[in-house]
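Heads up: the structure comes next, in structure tokens.
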Amino acid sequence: MSQVIIFDTTLRDGEQSPGASLNKDEKLIIAEQLARLQVDVIEAGFPIASEGDFQAVKEIAQKISGPIIAGLARATTKDIDRAWEAVKYAQKPRIHTFIATSDIHLKYKLKKSREQVLQQAAEAVQYAKKYTPDVEFSAEDAFRSDRDYLCQVVTEAIEKGATTINIPDTVGYAIPSEVRALIDYLFDKVPNITDARISVHCHNDLGLAVANSLAAIQSGVRQIECTINGLGERAGNAALEEVVMSLITRKDLFKIDTKIQTQKIMKTSRMVSHLTGLVVQRNKAIVGENAFAHEAGIHQDGFLKEKTTYEIMTPETIGLKESKLVLGKHSGRHAFSDRLKDIGYSLDAEELEKAFTKFKDLADKKKEIFDEDLQLIIEEGIHQIPEEYTLDYIQISSGDKTIPTSTVGLRRVDGQMFLDASYGDGPVDATYKCIDQITGISGKLLSYSIQSATGGKDALGSVYIQVKFDGQIITGRSSSPDIMIASANAYLNAINKVIYVNQKKNKKD
Ligand code: KIV
Ligand code: ZN
């Protein structure tokens, strides 16, 4: 199966996104992650643009092994020298030189004739070739260029040694059928076209960057320039994750491979979003928060019966643990009872019906229903969890010169009293260890949070915890003006729940 080269330009075109700016260390962190993702080429920056850009490209070239490291240069000797100075340290360096070929750019921006630009392009490639065999040439604004002139420039660039020819849709103007037509035309009319790899670089001004990149692949293009999360100038570039997952999901159609380690996509997306400060929209394809979330009852029911009813790829493929069923007013009984089971409740048919009505009432008032809401519905509306253990006594000593120690007295439901003591890393740790000793049930504390219920120094402290008992995650909560009493009771609340859930399970078995 043939392969398409994934050329990532997150650190160059992506960094040109309005609002995104990365420092050298951040660029290096992203480059390391791109190498782990196994992109083929990292365009690390535009070395002549600033000293900071130069240093970042140089450091990436020195430190990153695996992918080709490319530096961008206009078609001038000064730019090319500077790009080479930065990328020369790479195991596999590339100089990427470009000049515009559309009449609009020639007339208003470059103020040059077609002949002058043709000559400049040829000279730039020839000059870059002195430094490295790997030279890429881009005909900026190719899709608004005269086709035959573009063929002339491409022929000349290949003649002078360009090994990759990039055809950018610089302003995101083309539609997929035009992309196919232009690429077909180039393959037809450029006599030496098979001496170079043909690439596209599509911008997303009309929301067509990915569609255009895929169309180009169908016409024989074998390098796609793209960015993580679709970052880039204006509306951005083709999103790497969308291109790659399209190729994988529709392998039946494209019959093409990439080297991308797709399980690293999510992590890379989050890292880039975090470091650039550019938040990924919720409903963005592949990496948006909603990309694997189902809310409609019919969808949730189908999904629970067979995932492929509503999912064309698995979340695991991009490194997500699982799909998310969002409980809301559109959800049905199936998803509702499944979620209850997941958080440790199994209800009989009558209880389920009652709980479902309460859930629908709440969902009418609240967009998304979380596990804590479900817990309240069940514990306050359906069952009162029987309290196997209650706190009878607690004494804690802690401070900067003492070992935190807790003495706890618990009363069991049959009236029997238990007393024990323990020490720990802090008063909560000591108390929880002590409760474990008495009950013989040991939980792993996953999270602990405390909030004051009202303002003022005398406010109630509400403790909310998540505890893992043998694979079951159970929440516990309690409030008290004394936060240590609230902490102990929250843990007992979780222990009582796990005892109750297990008793119900045993009865059923
Ligand atoms: O959009 C564009 O044309 C570019 C080139 C420099 C490749 O970013
Ligand atoms: Zn661009």
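Identifiers for the structure tokens are assigned positionally: chains receive A, B, ... in sequence, residues are indexed from 1 per chain, and ligands are indexed from 1 in the order shown.
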**Request:** Collect all residues with atoms no farther than 7 Å from ligand 1, counting only C-alpha atoms and all ligand atoms, and output them as an NGL selection string.
**Result:** :A and (13 or 98 or 138 or 140-141 or 168-171 or 201 or 203)
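Every protein, DNA or RNA residue with an atom at most 6 Å from Thr9 of chain A, where only C-alpha atoms count and chain neighbours fewer than 6 positions away do not, is listed here: Glu43, Cys226 and Thr227 of chain A.
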Those same residues - C-alpha atoms - I'd like them written as an mmCIF file, in the first residue's frame.
data_model
loop_
_atom_site.group_PDB
_atom_site.id
_atom_site.type_symbol
_atom_site.label_atom_id
_atom_site.label_comp_id
_atom_site.auth_asym_id
_atom_site.auth_seq_id
_atom_site.Cartn_x
_atom_site.Cartn_y
_atom_site.Cartn_z
ATOM 1 C CA GLU A 43 8.337 22.396 9.654
ATOM 2 C CA CYS A 226 -1.281 20.074 7.927
ATOM 3 C CA THR A 227 -1.360 21.158 11.548
#
Within 6 Å of segment 469-481 of chain A, counting only C-alpha atoms, which residues show up once you throw out same-chain ones fewer than 6 positions away? Write them as a PDB file with N, CA, C and O atoms, in the first residue's frame, please.
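Final output, selection.pdb:
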ATOM      1  N   GLY A 443     -10.143   1.254  50.920  1.00  0.00           N
ATOM      2  CA  GLY A 443     -10.403   1.947  49.647  1.00  0.00           C
ATOM      3  C   GLY A 443      -9.213   2.799  49.274  1.00  0.00           C
ATOM      4  O   GLY A 443      -8.438   3.216  50.136  1.00  0.00           O
ATOM      5  N   LEU A 460     -20.124  25.762  57.322  1.00  0.00           N
ATOM      6  CA  LEU A 460     -20.060  24.305  57.220  1.00  0.00           C
ATOM      7  C   LEU A 460     -19.016  23.947  56.171  1.00  0.00           C
ATOM      8  O   LEU A 460     -18.960  24.568  55.116  1.00  0.00           O
ATOM      9  N   GLY A 461     -18.217  22.925  56.445  1.00  0.00           N
ATOM     10  CA  GLY A 461     -17.289  22.434  55.431  1.00  0.00           C
ATOM     11  C   GLY A 461     -17.907  21.203  54.779  1.00  0.00           C
ATOM     12  O   GLY A 461     -18.333  20.278  55.470  1.00  0.00           O
ATOM     13  N   SER A 462     -18.009  21.217  53.440  1.00  0.00           N
ATOM     14  CA  SER A 462     -18.559  20.043  52.748  1.00  0.00           C
ATOM     15  C   SER A 462     -17.412  19.279  52.117  1.00  0.00           C
ATOM     16  O   SER A 462     -16.675  19.840  51.293  1.00  0.00           O
ATOM     17  N   VAL A 463     -17.283  18.016  52.500  1.00  0.00           N
ATOM     18  CA  VAL A 463     -16.204  17.199  51.949  1.00  0.00           C
ATOM     19  C   VAL A 463     -16.805  16.251  50.927  1.00  0.00           C
ATOM     20  O   VAL A 463     -17.839  15.630  51.166  1.00  0.00           O
ATOM     21  N   ASN A 489     -16.833  11.301  58.101  1.00  0.00           N
ATOM     22  CA  ASN A 489     -18.178  10.876  57.695  1.00  0.00           C
ATOM     23  C   ASN A 489     -18.294  10.664  56.184  1.00  0.00           C
ATOM     24  O   ASN A 489     -19.044   9.796  55.733  1.00  0.00           O
ATOM     25  N   ALA A 490     -17.562  11.468  55.405  1.00  0.00           N
ATOM     26  CA  ALA A 490     -17.601  11.286  53.943  1.00  0.00           C
ATOM     27  C   ALA A 490     -17.047   9.901  53.597  1.00  0.00           C
ATOM     28  O   ALA A 490     -17.580   9.177  52.742  1.00  0.00           O
ATOM     29  N   TYR A 491     -15.974   9.513  54.299  1.00  0.00           N
ATOM     30  CA  TYR A 491     -15.363   8.206  54.030  1.00  0.00           C
ATOM     31  C   TYR A 491     -16.296   7.076  54.485  1.00  0.00           C
ATOM     32  O   TYR A 491     -16.471   6.076  53.775  1.00  0.00           O
ATOM     33  N   ASN A 493     -19.476   7.293  54.600  1.00  0.00           N
ATOM     34  CA  ASN A 493     -20.563   7.306  53.629  1.00  0.00           C
ATOM     35  C   ASN A 493     -20.203   6.418  52.423  1.00  0.00           C
ATOM     36  O   ASN A 493     -21.002   5.586  51.970  1.00  0.00           O
ATOM     37  N   ALA A 494     -18.963   6.553  51.946  1.00  0.00           N
ATOM     38  CA  ALA A 494     -18.522   5.731  50.816  1.00  0.00           C
ATOM     39  C   ALA A 494     -18.456   4.257  51.219  1.00  0.00           C
ATOM     40  O   ALA A 494     -18.869   3.362  50.462  1.00  0.00           O
TER      41      ALA A 494
END
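Among the candidates A:Leu278, A:Cys202, A:Ile104, A:Ile68, the residue lying nearest to ligand 2 is A:Cys202 (atoms considered: only C-alpha atoms and all ligand atoms).
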**Asked** So how far away is atom CA of Ser113 of chain A from atom CA of Lys130 of chain A, in Å?
**Response**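 The value is 26.3 Å.
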**Message:** Would you pick out the contacts of Ile265 of chain A at 7 Å or less, using only C-alpha atoms, so that residues sharing its chain but fewer than 5 positions from it are not included, and give the list as an NGL selection string?
**Reply:** :A and (241 or 318-319)
What's around Gly236 of chain A at 9 Å? Count only C-alpha atoms, leave out sequence neighbours fewer than 4 positions away in its own chain, and write the answer as a short mmCIF file (atom, residue, chain, number, x, y, z; two decimals) with C-alpha atoms, in the first residue's frame.
data_model
loop_
_atom_site.label_atom_id
_atom_site.label_comp_id
_atom_site.auth_asym_id
_atom_site.auth_seq_id
_atom_site.Cartn_x
_atom_site.Cartn_y
_atom_site.Cartn_z
CA ASP A 13 1.96 28.05 9.82
CA GLY A 14 0.18 26.93 13.01
CA GLN A 16 0.99 32.10 12.63
CA SER A 17 -2.54 31.63 14.04
CA CYS A 202 -4.68 23.75 2.03
CA HIS A 203 -6.05 26.63 4.07
CA ASN A 204 -9.48 26.45 5.61
CA ASP A 205 -11.11 29.77 4.72
CA ALA A 209 -9.00 22.31 3.82
CA THR A 227 -1.36 21.16 11.55
CA ASN A 229 -6.09 21.04 15.63
CA GLY A 230 -6.11 22.73 12.20
CA LEU A 231 -4.18 25.74 13.50
CA GLY A 232 -2.77 28.20 11.02
#
**Message:** Measuring between only C-alpha atoms and all ligand atoms, which one of A:Leu410, A:Ala238, A:Ala122, A:Ala211 shows the shortest distance to ligand 2?
**Reply:**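 Residue with the minimum atom-to-atom distance to ligand 2: A:Ala238.
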**For Ile6 of chain A: contacts at 7 Å, only C-alpha atoms, fewer than 4 positions along chain excluded, given as a PyMOL selection string** = chain A and resi 39-41+223-225
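Residues of segment 217-382 of chain A that DSSP, applied to the backbone, places in strand (DSSP E or B): Gln223, Ile224, Glu225, Cys226, Thr227, Asn237, Ala239, Ile256, Asp257, Ala293, His294, Lys324, Leu325, Leu327 and Ile369 of chain A.
Excluding Ser337 of chain A itself and same-chain residues fewer than 3 positions from it, the residues having an atom within 10 Å of it are Gly332, Arg333, His334, Leu340, Lys341, Asp342, Tyr345, Ser346, Leu347, Leu352, Glu353, Ala355 and Phe356 of chain A, counting only C-alpha atoms.
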Export of the given selection (N, CA, C and O atoms) as a tab-separated table (two decimals), in the first residue's frame:
chain	number	residue	atom	x	y	z
A	332	GLY	N	-32.35	7.87	27.08
A	332	GLY	CA	-33.40	6.87	27.35
A	332	GLY	C	-33.05	6.01	28.55
A	332	GLY	O	-31.99	6.16	29.17
A	333	ARG	N	-33.96	5.04	28.84
A	333	ARG	CA	-33.80	4.17	30.01
A	333	ARG	C	-32.52	3.33	29.95
A	333	ARG	O	-31.88	3.08	30.95
A	334	HIS	N	-32.20	2.89	28.73
A	334	HIS	CA	-31.06	1.99	28.57
A	334	HIS	C	-29.76	2.66	29.08
A	334	HIS	O	-29.05	2.11	29.93
A	340	LEU	N	-26.16	4.00	35.88
A	340	LEU	CA	-26.35	3.70	37.30
A	340	LEU	C	-25.53	2.49	37.71
A	340	LEU	O	-24.90	2.47	38.77
A	341	LYS	N	-25.54	1.47	36.85
A	341	LYS	CA	-24.73	0.27	37.16
A	341	LYS	C	-23.26	0.64	37.27
A	341	LYS	O	-22.57	0.19	38.18
A	342	ASP	N	-22.81	1.48	36.33
A	342	ASP	CA	-21.39	1.87	36.34
A	342	ASP	C	-21.01	2.54	37.65
A	342	ASP	O	-19.88	2.42	38.12
A	345	TYR	N	-25.03	1.25	41.31
A	345	TYR	CA	-26.41	0.99	41.72
A	345	TYR	C	-27.08	0.03	40.77
A	345	TYR	O	-27.07	0.26	39.56
A	346	SER	N	-27.66	-1.05	41.32
A	346	SER	CA	-28.51	-1.83	40.41
A	346	SER	C	-29.91	-1.86	41.01
A	346	SER	O	-30.12	-2.32	42.13
A	347	LEU	N	-30.84	-1.30	40.28
A	347	LEU	CA	-32.20	-1.11	40.78
A	347	LEU	C	-33.12	-2.17	40.19
A	347	LEU	O	-32.89	-2.65	39.08
A	352	LEU	N	-36.27	1.50	39.20
A	352	LEU	CA	-35.70	2.12	38.00
A	352	LEU	C	-36.70	3.10	37.39
A	352	LEU	O	-36.35	4.21	36.98
A	353	GLU	N	-37.95	2.70	37.32
A	353	GLU	CA	-39.00	3.53	36.74
A	353	GLU	C	-39.13	4.83	37.53
A	353	GLU	O	-39.21	5.92	36.96
A	355	ALA	N	-36.89	6.19	39.51
A	355	ALA	CA	-35.66	6.98	39.37
A	355	ALA	C	-35.62	7.67	38.00
A	355	ALA	O	-35.20	8.83	37.89
A	356	PHE	N	-36.10	6.96	36.99
A	356	PHE	CA	-36.06	7.52	35.62
A	356	PHE	C	-36.98	8.76	35.53
A	356	PHE	O	-36.61	9.76	34.90
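The smallest atom-to-atom distance between ligand 2 and any of A:Gly399, A:Gly297, A:Gly172, A:Gly52, using only C-alpha atoms and all ligand atoms, is found for A:Gly172.
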